$ cat query.txt   # compact mmCIF, C-alpha atoms
# COMPACT_ATOMS: atom_id res chain seq x y z
CA MET A 1 126.10 92.13 44.48
CA LYS A 2 122.58 92.67 43.20
CA LYS A 3 123.88 92.31 39.66
CA THR A 4 125.62 89.08 40.58
CA ILE A 5 122.41 87.76 42.00
CA ILE A 6 120.42 88.69 38.93
CA ILE A 7 122.92 86.90 36.72
CA LEU A 8 122.89 83.84 38.90
CA PHE A 9 119.13 83.68 38.64
CA LEU A 10 119.00 84.43 34.95
CA SER A 11 119.20 80.70 34.43
CA ILE A 12 115.97 80.51 32.66
CA SER A 13 113.65 78.13 30.88
CA TYR A 14 110.33 78.46 29.18
CA VAL A 15 109.63 74.78 28.67
CA TYR A 16 106.77 73.46 30.73
CA SER A 17 107.58 69.92 31.66
CA PHE A 18 107.52 68.03 34.89
CA ALA A 19 109.96 69.49 37.33
CA GLN A 20 113.01 67.47 38.24
CA ILE A 21 113.58 69.46 41.36
CA ALA A 22 113.90 67.42 44.51
CA GLN A 23 112.17 68.54 47.67
CA ASN A 24 114.59 69.41 50.47
CA GLU A 25 117.44 69.94 48.04
CA LYS A 26 120.27 72.14 49.26
CA LEU A 27 122.96 73.60 47.04
CA VAL A 28 125.73 75.68 48.56
CA TYR A 29 127.91 77.92 46.41
CA ALA A 30 130.90 80.20 46.86
CA ALA A 31 130.60 83.53 45.06
CA SER A 32 133.89 85.10 44.01
CA TYR A 33 134.81 88.35 42.36
CA ASN A 34 137.78 88.83 40.06
CA MET A 35 140.14 91.45 41.44
CA SER A 36 143.13 92.11 39.19
CA GLY A 37 143.08 88.55 37.91
CA LEU A 38 142.75 86.97 41.34
CA MET A 39 139.48 85.50 42.53
CA THR A 40 138.41 86.73 45.95
CA GLN A 41 135.63 84.88 47.72
CA LEU A 42 132.89 87.24 48.82
CA ALA A 43 129.79 85.37 49.82
CA GLN A 44 128.02 82.10 50.24
CA VAL A 45 124.96 81.45 48.12
CA THR A 46 122.52 78.79 49.29
CA LEU A 47 119.71 77.49 47.11
CA GLN A 48 117.18 75.40 48.93
CA THR A 49 113.86 73.71 48.26
CA GLU A 50 111.23 72.81 50.80
CA PRO A 51 107.65 71.52 50.55
CA VAL A 52 104.97 73.81 51.97
CA LYS A 53 101.41 72.77 52.73
CA THR A 54 98.48 75.09 53.14
CA SER A 55 94.90 74.09 54.00
CA ASN A 56 94.09 73.33 50.37
CA LYS A 57 97.30 73.30 48.31
CA PHE A 58 100.86 72.09 48.14
CA TYR A 59 103.67 74.43 47.18
CA LEU A 60 107.38 74.12 46.74
CA ARG A 61 109.37 76.83 48.46
CA LEU A 62 112.42 77.80 46.43
CA SER A 63 114.80 80.00 48.32
CA ALA A 64 118.13 81.68 47.76
CA GLU A 65 120.20 83.15 50.53
CA ILE A 66 123.24 85.31 49.97
CA THR A 67 125.47 85.80 52.98
CA THR A 68 128.88 87.44 52.98
CA TYR A 69 131.73 85.52 54.56
CA SER A 70 132.53 86.73 58.07
CA LYS A 71 135.73 88.45 56.89
CA TRP A 72 133.59 90.82 54.80
CA ASP A 73 130.84 91.43 57.36
CA THR A 74 132.69 94.33 58.99
CA PHE A 75 133.19 96.08 55.66
CA PHE A 76 130.11 95.23 53.62
CA LYS A 77 127.58 92.89 55.14
CA ILE A 78 125.08 91.18 52.86
CA ARG A 79 122.08 89.24 54.07
CA ASP A 80 119.75 88.65 51.13
CA LEU A 81 116.80 86.31 51.05
CA TYR A 82 114.83 85.48 47.93
CA GLU A 83 111.84 83.15 48.06
CA SER A 84 109.44 81.84 45.48
CA TYR A 85 106.48 79.62 46.29
CA VAL A 86 105.65 77.58 43.24
CA ASN A 87 103.42 74.83 41.97
CA PRO A 88 105.61 71.72 42.43
CA THR A 89 104.51 70.32 39.06
CA ASN A 90 105.15 73.17 36.65
CA LEU A 91 107.11 75.63 38.86
CA LYS A 92 104.55 78.37 38.24
CA PRO A 93 104.93 80.92 41.04
CA SER A 94 102.17 82.03 43.35
CA LEU A 95 104.20 84.17 45.71
CA TYR A 96 107.61 85.82 45.48
CA ARG A 97 109.35 87.50 48.38
CA ARG A 98 112.63 89.36 48.42
CA SER A 99 114.38 90.85 51.39
CA ILE A 100 117.77 92.39 50.86
CA ASN A 101 120.23 93.94 53.25
CA GLU A 102 123.36 95.04 51.43
CA GLY A 103 125.78 97.19 53.37
CA GLY A 104 122.92 98.74 55.34
CA TYR A 105 120.69 99.33 52.32
CA THR A 106 117.49 97.41 52.80
CA LYS A 107 114.60 96.59 50.52
CA THR A 108 111.70 94.21 50.78
CA GLU A 109 109.49 93.17 47.93
CA LYS A 110 106.51 90.88 47.64
CA TYR A 111 104.66 89.73 44.53
CA ILE A 112 101.38 87.92 44.80
CA TYR A 113 100.45 86.31 41.49
CA LEU A 114 96.73 86.62 41.01
CA ALA A 115 94.65 83.75 39.66
CA ASP A 116 94.50 85.12 36.08
CA GLY A 117 98.27 84.48 35.81
CA LYS A 118 98.82 87.92 34.27
CA THR A 119 98.50 90.22 37.25
CA ILE A 120 100.89 90.80 40.11
CA LYS A 121 99.98 92.56 43.31
CA SER A 122 103.20 94.08 44.51
CA THR A 123 104.27 95.47 47.85
CA SER A 124 107.71 96.99 48.22
CA ARG A 125 109.57 99.03 50.76
CA LYS A 126 113.00 100.61 50.66
CA LYS A 127 115.04 101.81 53.62
CA ASN A 128 113.53 104.95 55.23
CA ARG A 129 110.76 105.06 52.63
CA ALA A 130 107.06 104.40 52.83
CA GLU A 131 105.58 101.12 51.65
CA ILE A 132 104.45 101.14 48.02
CA ASN A 133 101.56 99.01 46.85
CA SER A 134 100.91 98.52 43.18
CA THR A 135 99.34 96.16 40.70
CA PHE A 136 100.83 95.47 37.31
CA THR A 137 100.26 93.11 34.44
CA ILE A 138 102.80 90.71 33.00
CA ASN A 139 103.07 88.21 30.21
CA SER A 140 101.46 85.00 31.43
CA SER A 141 104.73 83.13 30.95
CA SER A 142 106.86 85.64 32.85
CA GLN A 143 108.34 84.43 36.10
CA ASP A 144 110.38 85.77 38.96
CA VAL A 145 114.13 85.18 38.97
CA ILE A 146 114.07 82.40 41.55
CA SER A 147 111.45 80.20 39.92
CA MET A 148 113.18 80.80 36.59
CA ALA A 149 116.50 79.74 38.08
CA TYR A 150 114.90 76.38 38.77
CA LYS A 151 112.91 76.29 35.56
CA ILE A 152 116.03 76.04 33.45
CA ARG A 153 116.61 72.66 34.98
CA THR A 154 113.50 71.34 33.27
CA ILE A 155 114.85 72.10 29.79
CA ASP A 156 115.81 69.01 27.86
CA PHE A 157 119.11 69.97 26.24
CA THR A 158 119.75 66.53 24.74
CA ASN A 159 118.38 67.55 21.35
CA TYR A 160 119.73 71.08 21.39
CA LYS A 161 122.24 72.11 18.75
CA VAL A 162 125.18 74.33 19.64
CA GLY A 163 124.05 77.94 19.20
CA GLN A 164 120.35 77.15 19.56
CA VAL A 165 118.56 79.90 21.45
CA LYS A 166 115.47 79.95 23.65
CA THR A 167 113.92 83.21 24.77
CA CYS A 168 111.73 84.05 27.72
CA THR A 169 110.78 86.85 30.08
CA ILE A 170 111.52 87.49 33.72
CA VAL A 171 110.10 89.96 36.21
CA PHE A 172 112.52 91.84 38.43
CA ASP A 173 112.09 95.15 40.25
CA GLU A 174 108.55 95.32 38.86
CA LYS A 175 109.85 95.28 35.32
CA GLU A 176 109.74 92.59 32.69
CA PHE A 177 112.69 91.98 30.45
CA PRO A 178 113.43 89.40 27.77
CA VAL A 179 116.23 86.93 28.28
CA SER A 180 117.92 84.59 25.80
CA ILE A 181 119.40 81.23 26.66
CA LYS A 182 121.91 79.93 24.17
CA TYR A 183 123.14 76.34 24.29
CA MET A 184 126.93 76.35 24.01
CA GLY A 185 127.72 72.63 24.15
CA LYS A 186 129.10 70.20 26.71
CA GLU A 187 132.10 70.61 29.00
CA THR A 188 133.49 68.80 32.02
CA VAL A 189 133.81 71.00 35.09
CA SER A 190 134.51 70.57 38.78
CA ALA A 191 131.28 70.32 40.77
CA GLY A 192 132.19 70.59 44.44
CA ASN A 193 131.40 67.41 46.39
CA LEU A 194 129.98 65.83 43.23
CA GLY A 195 133.45 65.65 41.65
CA SER A 196 134.02 66.35 37.99
CA LYS A 197 130.85 66.35 35.96
CA GLU A 198 129.97 66.56 32.31
CA CYS A 199 127.84 69.67 31.98
CA TYR A 200 125.67 71.56 29.57
CA CYS A 201 127.04 75.04 29.08
CA VAL A 202 124.51 77.78 28.36
CA SER A 203 124.96 81.46 27.74
CA ILE A 204 122.55 83.93 29.26
CA SER A 205 121.92 87.33 27.75
CA ALA A 206 119.33 89.93 28.58
CA LYS A 207 118.21 93.27 27.26
CA THR A 208 119.57 95.05 30.27
CA ASP A 209 122.61 97.21 30.93
CA LYS A 210 123.52 94.95 33.85
CA LEU A 211 125.13 92.22 31.75
CA LYS A 212 128.24 92.82 29.66
CA GLY A 213 129.85 91.06 26.72
CA LYS A 214 128.66 88.42 24.29
CA ASP A 215 128.56 84.88 25.68
CA LYS A 216 130.39 86.01 28.80
CA ASN A 217 127.59 85.15 31.19
CA LEU A 218 127.61 81.40 31.34
CA ILE A 219 126.09 78.68 33.41
CA TRP A 220 127.06 75.02 33.57
CA LEU A 221 124.38 72.43 34.43
CA THR A 222 125.15 68.78 35.02
CA ALA A 223 124.32 66.81 31.89
CA ASP A 224 122.01 64.41 33.71
CA SER A 225 118.37 64.37 34.78
CA LYS A 226 119.09 66.58 37.84
CA LYS A 227 120.71 69.42 35.88
CA ILE A 228 122.38 70.82 38.96
CA PRO A 229 123.88 74.26 38.30
CA VAL A 230 127.53 73.82 39.21
CA LEU A 231 129.19 76.94 37.89
CA VAL A 232 128.13 80.43 36.87
CA LYS A 233 130.53 82.89 35.27
CA PHE A 234 129.39 86.46 34.92
CA SER A 235 130.58 89.65 33.38
CA ILE A 236 129.13 92.93 34.55
CA LYS A 237 130.06 96.61 34.18
CA ILE A 238 132.41 96.60 37.14
CA GLY A 239 134.18 93.32 36.41
CA THR A 240 133.84 89.57 36.31
CA GLY A 241 133.26 86.81 38.79
CA GLN A 242 131.95 83.35 39.35
CA VAL A 243 129.68 81.31 41.57
CA SER A 244 130.81 77.72 42.03
CA LEU A 245 129.12 74.79 43.70
CA SER A 246 130.80 73.67 46.91
CA ASN A 247 128.23 71.29 48.34
CA ALA A 248 125.09 69.60 47.07
CA SER A 249 122.75 67.55 49.26
CA GLY A 250 119.25 66.12 49.02
CA ILE A 251 119.43 65.97 45.23
CA MET B 1 166.98 106.75 41.28
CA ARG B 2 167.42 105.42 44.80
CA LYS B 3 165.06 108.04 46.21
CA THR B 4 162.36 107.28 43.63
CA LEU B 5 162.61 103.56 44.34
CA LEU B 6 162.45 104.20 48.07
CA ILE B 7 159.30 106.35 47.76
CA THR B 8 157.67 103.76 45.48
CA ALA B 9 158.63 100.92 47.84
CA SER B 10 157.21 102.86 50.82
CA THR B 11 153.95 103.55 48.99
CA LEU B 12 153.61 99.91 47.92
CA SER B 13 154.41 98.77 51.43
CA ILE B 14 151.64 100.95 52.90
CA LEU B 15 149.25 99.74 50.20
CA GLY B 16 150.30 96.16 50.96
CA ILE B 17 149.53 96.60 54.67
CA ILE B 18 146.10 98.07 53.88
CA PHE B 19 145.35 95.23 51.47
CA THR B 20 146.52 92.70 54.04
CA ILE B 21 144.15 94.10 56.67
CA LEU B 22 141.24 94.27 54.23
CA PRO B 23 139.65 90.91 53.25
CA LEU B 24 140.97 91.11 49.71
CA GLY B 25 142.58 87.68 49.74
CA THR B 26 145.69 86.99 47.70
CA ILE B 27 145.52 90.29 45.81
CA ALA B 28 147.51 91.74 48.75
CA ILE B 29 150.47 89.65 47.56
CA ILE B 30 151.04 92.00 44.62
CA PRO B 31 151.89 95.27 46.45
CA ASN B 32 153.76 93.41 49.19
CA LEU B 33 155.88 91.46 46.73
CA LEU B 34 156.65 94.56 44.69
CA ALA B 35 157.59 96.45 47.88
CA ILE B 36 159.94 93.61 48.89
CA ILE B 37 161.66 93.60 45.49
CA MET B 38 162.03 97.39 45.41
CA ALA B 39 163.19 97.58 49.03
CA PHE B 40 165.80 94.91 48.24
CA ILE B 41 167.08 96.88 45.24
CA VAL B 42 167.22 100.07 47.34
CA LEU B 43 169.07 98.16 50.04
CA LYS B 44 171.69 97.06 47.52
CA LYS B 45 172.07 100.62 46.21
CA SER B 46 172.36 102.17 49.67
CA ASP B 47 175.43 103.15 51.65
CA ALA B 48 175.91 101.74 55.11
CA LYS B 49 174.21 104.81 56.65
CA GLN B 50 171.17 104.64 54.32
CA LYS B 51 170.13 101.07 54.95
CA THR B 52 167.62 101.63 57.79
CA ALA B 53 164.61 102.72 55.70
CA PRO B 54 164.81 99.89 53.11
CA LYS B 55 165.40 97.38 55.92
CA ILE B 56 162.19 98.51 57.66
CA ILE B 57 160.20 98.31 54.40
CA LEU B 58 161.68 94.90 53.68
CA LEU B 59 160.77 93.62 57.15
CA VAL B 60 157.25 95.08 57.19
CA SER B 61 156.41 93.94 53.65
CA THR B 62 157.81 90.45 54.27
CA LEU B 63 155.67 90.12 57.41
CA ALA B 64 152.60 91.37 55.51
CA PHE B 65 153.39 88.96 52.65
CA LEU B 66 153.66 86.01 55.05
CA THR B 67 150.44 87.09 56.77
CA VAL B 68 148.59 87.00 53.43
CA ILE B 69 149.96 83.54 52.61
CA GLY B 70 149.15 82.30 56.14
CA LYS B 71 145.61 83.66 55.96
CA ASP B 72 145.08 82.02 52.58
CA ILE B 73 146.30 78.63 53.80
CA PHE B 74 144.96 78.49 57.35
CA VAL B 75 141.94 80.79 57.54
CA LYS B 76 138.85 79.26 55.98
CA ASP B 77 136.03 81.36 54.57
CA VAL B 78 133.10 80.90 56.90
CA VAL B 79 129.64 82.30 57.31
CA VAL B 80 128.74 83.17 60.87
CA VAL B 81 125.48 82.03 62.44
CA ASP B 82 123.35 85.15 62.25
CA LYS B 83 120.51 84.84 64.76
CA GLN B 84 118.78 87.96 63.46
CA PHE B 85 118.87 86.68 59.88
CA ASN B 86 117.60 83.27 60.98
CA LEU B 87 114.73 84.94 62.82
CA GLN B 88 113.97 87.03 59.75
CA LYS B 89 113.83 83.88 57.63
CA GLU B 90 111.39 82.24 60.03
CA GLU B 91 109.19 85.33 60.09
CA SER B 92 109.25 85.46 56.31
CA LYS B 93 108.12 81.84 56.12
CA GLN B 94 105.25 82.50 58.51
CA GLU B 95 104.12 85.58 56.59
CA ALA B 96 104.31 83.63 53.34
CA GLN B 97 102.19 80.87 54.81
CA LYS B 98 99.52 83.46 55.66
CA ASP B 99 99.66 84.93 52.13
CA LEU B 100 99.41 81.47 50.56
CA GLU B 101 96.42 80.57 52.71
CA GLY B 102 94.68 83.64 51.30
CA LEU B 103 95.21 82.64 47.69
$ encode --input "query.txt" --output "structure tokens"
Amino acid sequence: MKKTIIILFLSISYVYSFAQIAQNEKLVYAASYNMSGLMTQLAQVTLQTEPVKTSNKFYLRLSAEITTYSKWDTFFKIRDLYESYVNPTNLKPSLYRRSINEGGYTKTEKYIYLADGKTIKSTSRKKNRAEINSTFTINSSSQDVISMAYKIRTIDFTNYKVGQVKTCTIVFDEKEFPVSIKYMGKETVSAGNLGSKECYCVSISAKTDKLKGKDKNLIWLTADSKKIPVLVKFSIKIGTGQVSLSNASGI
Amino acid sequence: MRKTLLITASTLSILGIIFTILPLGTIAIIPNLLAIIMAFIVLKKSDAKQKTAPKIILLVSTLAFLTVIGKDIFVKDVVVVDKQFNLQKEESKQEAQKDLEGL
């Protein structure tokens, strides 16, 4: 499931433009896994935005929840929560939190981005292990998976040529790795309660052993100003699957 | 030939039942359908005294097959309200607020 989540969030952009992300937006997806050619629904993925005010700043809370459908809870229960608190203007993260519970395996992780933009103060804890505190440096443009998932929506694909590639870096599990986003063209796909939508199709590839195949990890974004991710197809070591939009609100 | 088919049908039938119980969705159709076909062939190849076993397999696999179809049509995939998870989310928000105030 972790791999699925990574792929979902490898929807990345490096372009700094004004965010087109609505506050209080809620996108609900159904995650399915391909078993012998038949798609089996495993979990619900919910992406949500929410404004957060502190005494001196405004943030946008970007969150992703992964919850297995009740039929799976007895066998393999997943309750994952990913959060990124970002600058609402440029989606630059200030705080990233991750709390996963996958079949009894738990892990919590917190990154505090220090003011220099290149240092992360990390706190992590795995099940039955002691808390680990560390500080590490990153490329100033590197972002966590959640804020990157939203950042892709600020890319202007209108002038992109088929095959054009953009590269960037994400931070996951205290490691940085480069990711390429390749524009694949336009396609019309089903977008849950939004009906059929013309979408930009982009291919995601990363220098990691988690993703498999060339141009087999794809994401479709509505070809409008919102750029809602409506479909993600992924290919990993143990098979293939997809995450499809079932309901979008507050967009 | 009959014996081989009967063993295969029995194995597929057991597999079909397991798949039907597990939340594997329509994939459970495959072993159940194969068990039905094989049990039917065995039934046709059997003498009057040998028909009990294939009849049982046929009945069990057909019921399992119908259960899978019924589940697919009538049972919707839902996420239960998880109070503990909701509480965890609220706590996470509060902790984040504290961290952000310190930045």
$ residues_around --input "query.txt" --residues "Thr20 in chain B" --least-positions-apart "5" --cutoff "10 Å" --atoms "all atoms listed in the file" --output "VMD selection string"
chain B and resid 14 to 15 25 to 29 31 to 32 61 64 to 69 71
$ closest_residue --input "query.txt" --among "A:Ser99, A:Ser180, A:Thr89, A:Asn24" --to "chain B" --atoms "only C-alpha atoms"
A:Ser99
$ residues_around --input "query.txt" --residues "range 241-251 of chain A" --least-positions-apart "4" --cutoff "8 Å" --atoms "all atoms listed in the file" --output "number ranges by chain"
A: 8, 21-34, 39, 191-194, 226, 229-235
$ interface_residues --input "query.txt" --of "chain A" --to "chain B" --cutoff "8 Å" --atoms "only C-alpha atoms" --output "list in words"
Met35, Ser36, Leu38, Thr40, Gln41, Gln44, Thr54, Ser55, Asn56, Thr67, Thr68, Tyr69, Ser70, Lys71, Trp72, Arg79, Leu81, Ser94, Leu95 and Leu114 of chain A
$ atom_distance --input "query.txt" --atom1 "CA of Ile228 in chain A" --atom2 "CA of Arg97 in chain A"
23.2 Å
$ closest_residue --input "query.txt" --among "B:Leu34, B:Leu12, B:Ala39, B:Ile18" --to "Leu58 in chain B" --atoms "all atoms listed in the file"
B:Ala39
$ atom_distance --input "query.txt" --atom1 "CA of Gln20 in chain A" --atom2 "CA of Cys199 in chain A"
16.2 Å
$ atom_distance --input "query.txt" --atom1 "CA of Ile36 in chain B" --atom2 "CA of Met1 in chain B"
16.7 Å
$ closest_atom_pairs --input "query.txt" --of "range 114-149 of chain A" --to "range 57-66 of chain A" --cutoff "12 Å" --atoms "all atoms listed in the file" --output "tab-separated table"
residue	atom	partner	partner_atom	distance
A:Asp144	CA	A:Leu62	CA	11.1
A:Val145	CA	A:Ala64	CA	10.3
A:Ile146	CA	A:Leu62	CA	6.9
A:Ser147	CA	A:Leu62	CA	7.0
A:Met148	CA	A:Leu62	CA	10.3
A:Ala149	CA	A:Leu62	CA	9.5
$ residues_around --input "query.txt" --residues "Leu5 in chain B" --least-positions-apart "2" --cutoff "8 Å" --atoms "all atoms listed in the file" --output "VMD selection string"
chain B and resid 1 to 3 7 to 9 38 to 39 42
$ write_last_selection --input "query.txt" --atoms "C-alpha atoms" --output "PDB file, in the frame of the given file"
ATOM      1  CA  MET B   1     166.980 106.750  41.280  1.00  0.00           C
ATOM      2  CA  ARG B   2     167.420 105.420  44.800  1.00  0.00           C
ATOM      3  CA  LYS B   3     165.060 108.040  46.210  1.00  0.00           C
ATOM      4  CA  ILE B   7     159.300 106.350  47.760  1.00  0.00           C
ATOM      5  CA  THR B   8     157.670 103.760  45.480  1.00  0.00           C
ATOM      6  CA  ALA B   9     158.630 100.920  47.840  1.00  0.00           C
ATOM      7  CA  MET B  38     162.030  97.390  45.410  1.00  0.00           C
ATOM      8  CA  ALA B  39     163.190  97.580  49.030  1.00  0.00           C
ATOM      9  CA  VAL B  42     167.220 100.070  47.340  1.00  0.00           C
TER      10      VAL B  42
END
$ residues_around --input "query.txt" --residues "Lys214 in chain A" --least-positions-apart "5" --cutoff "10 Å" --atoms "only C-alpha atoms" --output "list of chain:residue names"
A:Ser203, A:Ile204, A:Ser205, A:Ser235
$ closest_residue --input "query.txt" --among "A:Thr169, A:Tyr105, A:Tyr150, A:Lys118" --to "Leu47 in chain A" --atoms "all atoms listed in the file"
A:Tyr150
$ closest_residue --input "query.txt" --among "A:Asn101, A:Thr222, A:Ser124, A:Thr240" --to "Ile78 in chain A" --atoms "all atoms listed in the file"
A:Asn101
$ build_atoms --input "query.txt" --residues "range 67-85 of chain B" --atoms "N, CA, C and O atoms" --output "PDB file, keeping the file's coordinate frame"
ATOM      1  N   THR B  67     151.784  87.056  56.178  1.00  0.00           N
ATOM      2  CA  THR B  67     150.440  87.090  56.770  1.00  0.00           C
ATOM      3  C   THR B  67     149.393  86.718  55.710  1.00  0.00           C
ATOM      4  O   THR B  67     148.475  85.930  55.971  1.00  0.00           O
ATOM      5  N   VAL B  68     149.539  87.284  54.517  1.00  0.00           N
ATOM      6  CA  VAL B  68     148.590  87.000  53.430  1.00  0.00           C
ATOM      7  C   VAL B  68     148.612  85.506  53.083  1.00  0.00           C
ATOM      8  O   VAL B  68     147.556  84.860  52.967  1.00  0.00           O
ATOM      9  N   ILE B  69     149.826  84.965  52.947  1.00  0.00           N
ATOM     10  CA  ILE B  69     149.960  83.540  52.610  1.00  0.00           C
ATOM     11  C   ILE B  69     149.353  82.686  53.735  1.00  0.00           C
ATOM     12  O   ILE B  69     148.602  81.737  53.476  1.00  0.00           O
ATOM     13  N   GLY B  70     149.676  83.029  54.973  1.00  0.00           N
ATOM     14  CA  GLY B  70     149.150  82.300  56.140  1.00  0.00           C
ATOM     15  C   GLY B  70     147.633  82.331  56.186  1.00  0.00           C
ATOM     16  O   GLY B  70     146.984  81.307  56.403  1.00  0.00           O
ATOM     17  N   LYS B  71     147.064  83.520  55.941  1.00  0.00           N
ATOM     18  CA  LYS B  71     145.610  83.660  55.960  1.00  0.00           C
ATOM     19  C   LYS B  71     144.977  82.790  54.874  1.00  0.00           C
ATOM     20  O   LYS B  71     143.942  82.146  55.084  1.00  0.00           O
ATOM     21  N   ASP B  72     145.625  82.789  53.708  1.00  0.00           N
ATOM     22  CA  ASP B  72     145.080  82.020  52.580  1.00  0.00           C
ATOM     23  C   ASP B  72     145.114  80.517  52.854  1.00  0.00           C
ATOM     24  O   ASP B  72     144.208  79.793  52.458  1.00  0.00           O
ATOM     25  N   ILE B  73     146.159  80.070  53.544  1.00  0.00           N
ATOM     26  CA  ILE B  73     146.300  78.630  53.800  1.00  0.00           C
ATOM     27  C   ILE B  73     145.456  78.202  55.018  1.00  0.00           C
ATOM     28  O   ILE B  73     144.750  77.199  54.963  1.00  0.00           O
ATOM     29  N   PHE B  74     145.554  78.952  56.087  1.00  0.00           N
ATOM     30  CA  PHE B  74     144.960  78.490  57.350  1.00  0.00           C
ATOM     31  C   PHE B  74     143.587  79.045  57.698  1.00  0.00           C
ATOM     32  O   PHE B  74     142.848  78.426  58.451  1.00  0.00           O
ATOM     33  N   VAL B  75     143.240  80.217  57.179  1.00  0.00           N
ATOM     34  CA  VAL B  75     141.940  80.790  57.540  1.00  0.00           C
ATOM     35  C   VAL B  75     140.904  80.427  56.485  1.00  0.00           C
ATOM     36  O   VAL B  75     141.044  80.771  55.318  1.00  0.00           O
ATOM     37  N   LYS B  76     139.895  79.687  56.916  1.00  0.00           N
ATOM     38  CA  LYS B  76     138.850  79.260  55.980  1.00  0.00           C
ATOM     39  C   LYS B  76     137.753  80.320  55.925  1.00  0.00           C
ATOM     40  O   LYS B  76     137.466  80.994  56.908  1.00  0.00           O
ATOM     41  N   ASP B  77     137.143  80.426  54.722  1.00  0.00           N
ATOM     42  CA  ASP B  77     136.030  81.360  54.570  1.00  0.00           C
ATOM     43  C   ASP B  77     134.789  80.748  55.217  1.00  0.00           C
ATOM     44  O   ASP B  77     134.356  79.658  54.835  1.00  0.00           O
ATOM     45  N   VAL B  78     134.279  81.421  56.203  1.00  0.00           N
ATOM     46  CA  VAL B  78     133.100  80.900  56.900  1.00  0.00           C
ATOM     47  C   VAL B  78     131.988  81.951  56.954  1.00  0.00           C
ATOM     48  O   VAL B  78     132.238  83.143  56.865  1.00  0.00           O
ATOM     49  N   VAL B  79     130.798  81.426  57.124  1.00  0.00           N
ATOM     50  CA  VAL B  79     129.640  82.300  57.310  1.00  0.00           C
ATOM     51  C   VAL B  79     129.214  82.155  58.762  1.00  0.00           C
ATOM     52  O   VAL B  79     129.025  81.038  59.245  1.00  0.00           O
ATOM     53  N   VAL B  80     129.100  83.255  59.455  1.00  0.00           N
ATOM     54  CA  VAL B  80     128.740  83.170  60.870  1.00  0.00           C
ATOM     55  C   VAL B  80     127.236  82.886  61.034  1.00  0.00           C
ATOM     56  O   VAL B  80     126.445  83.210  60.151  1.00  0.00           O
ATOM     57  N   VAL B  81     126.899  82.264  62.152  1.00  0.00           N
ATOM     58  CA  VAL B  81     125.480  82.030  62.440  1.00  0.00           C
ATOM     59  C   VAL B  81     124.879  83.370  62.840  1.00  0.00           C
ATOM     60  O   VAL B  81     125.289  83.978  63.818  1.00  0.00           O
ATOM     61  N   ASP B  82     123.956  83.838  62.026  1.00  0.00           N
ATOM     62  CA  ASP B  82     123.350  85.150  62.250  1.00  0.00           C
ATOM     63  C   ASP B  82     121.931  84.941  62.793  1.00  0.00           C
ATOM     64  O   ASP B  82     121.001  84.633  62.052  1.00  0.00           O
ATOM     65  N   LYS B  83     121.805  85.100  64.105  1.00  0.00           N
ATOM     66  CA  LYS B  83     120.510  84.840  64.760  1.00  0.00           C
ATOM     67  C   LYS B  83     119.405  85.737  64.208  1.00  0.00           C
ATOM     68  O   LYS B  83     118.277  85.310  64.004  1.00  0.00           O
ATOM     69  N   GLN B  84     119.761  86.999  63.966  1.00  0.00           N
ATOM     70  CA  GLN B  84     118.780  87.960  63.460  1.00  0.00           C
ATOM     71  C   GLN B  84     118.274  87.557  62.069  1.00  0.00           C
ATOM     72  O   GLN B  84     117.089  87.612  61.779  1.00  0.00           O
ATOM     73  N   PHE B  85     119.220  87.101  61.234  1.00  0.00           N
ATOM     74  CA  PHE B  85     118.870  86.680  59.880  1.00  0.00           C
ATOM     75  C   PHE B  85     118.013  85.406  59.924  1.00  0.00           C
ATOM     76  O   PHE B  85     117.044  85.279  59.179  1.00  0.00           O
TER      77      PHE B  85
END
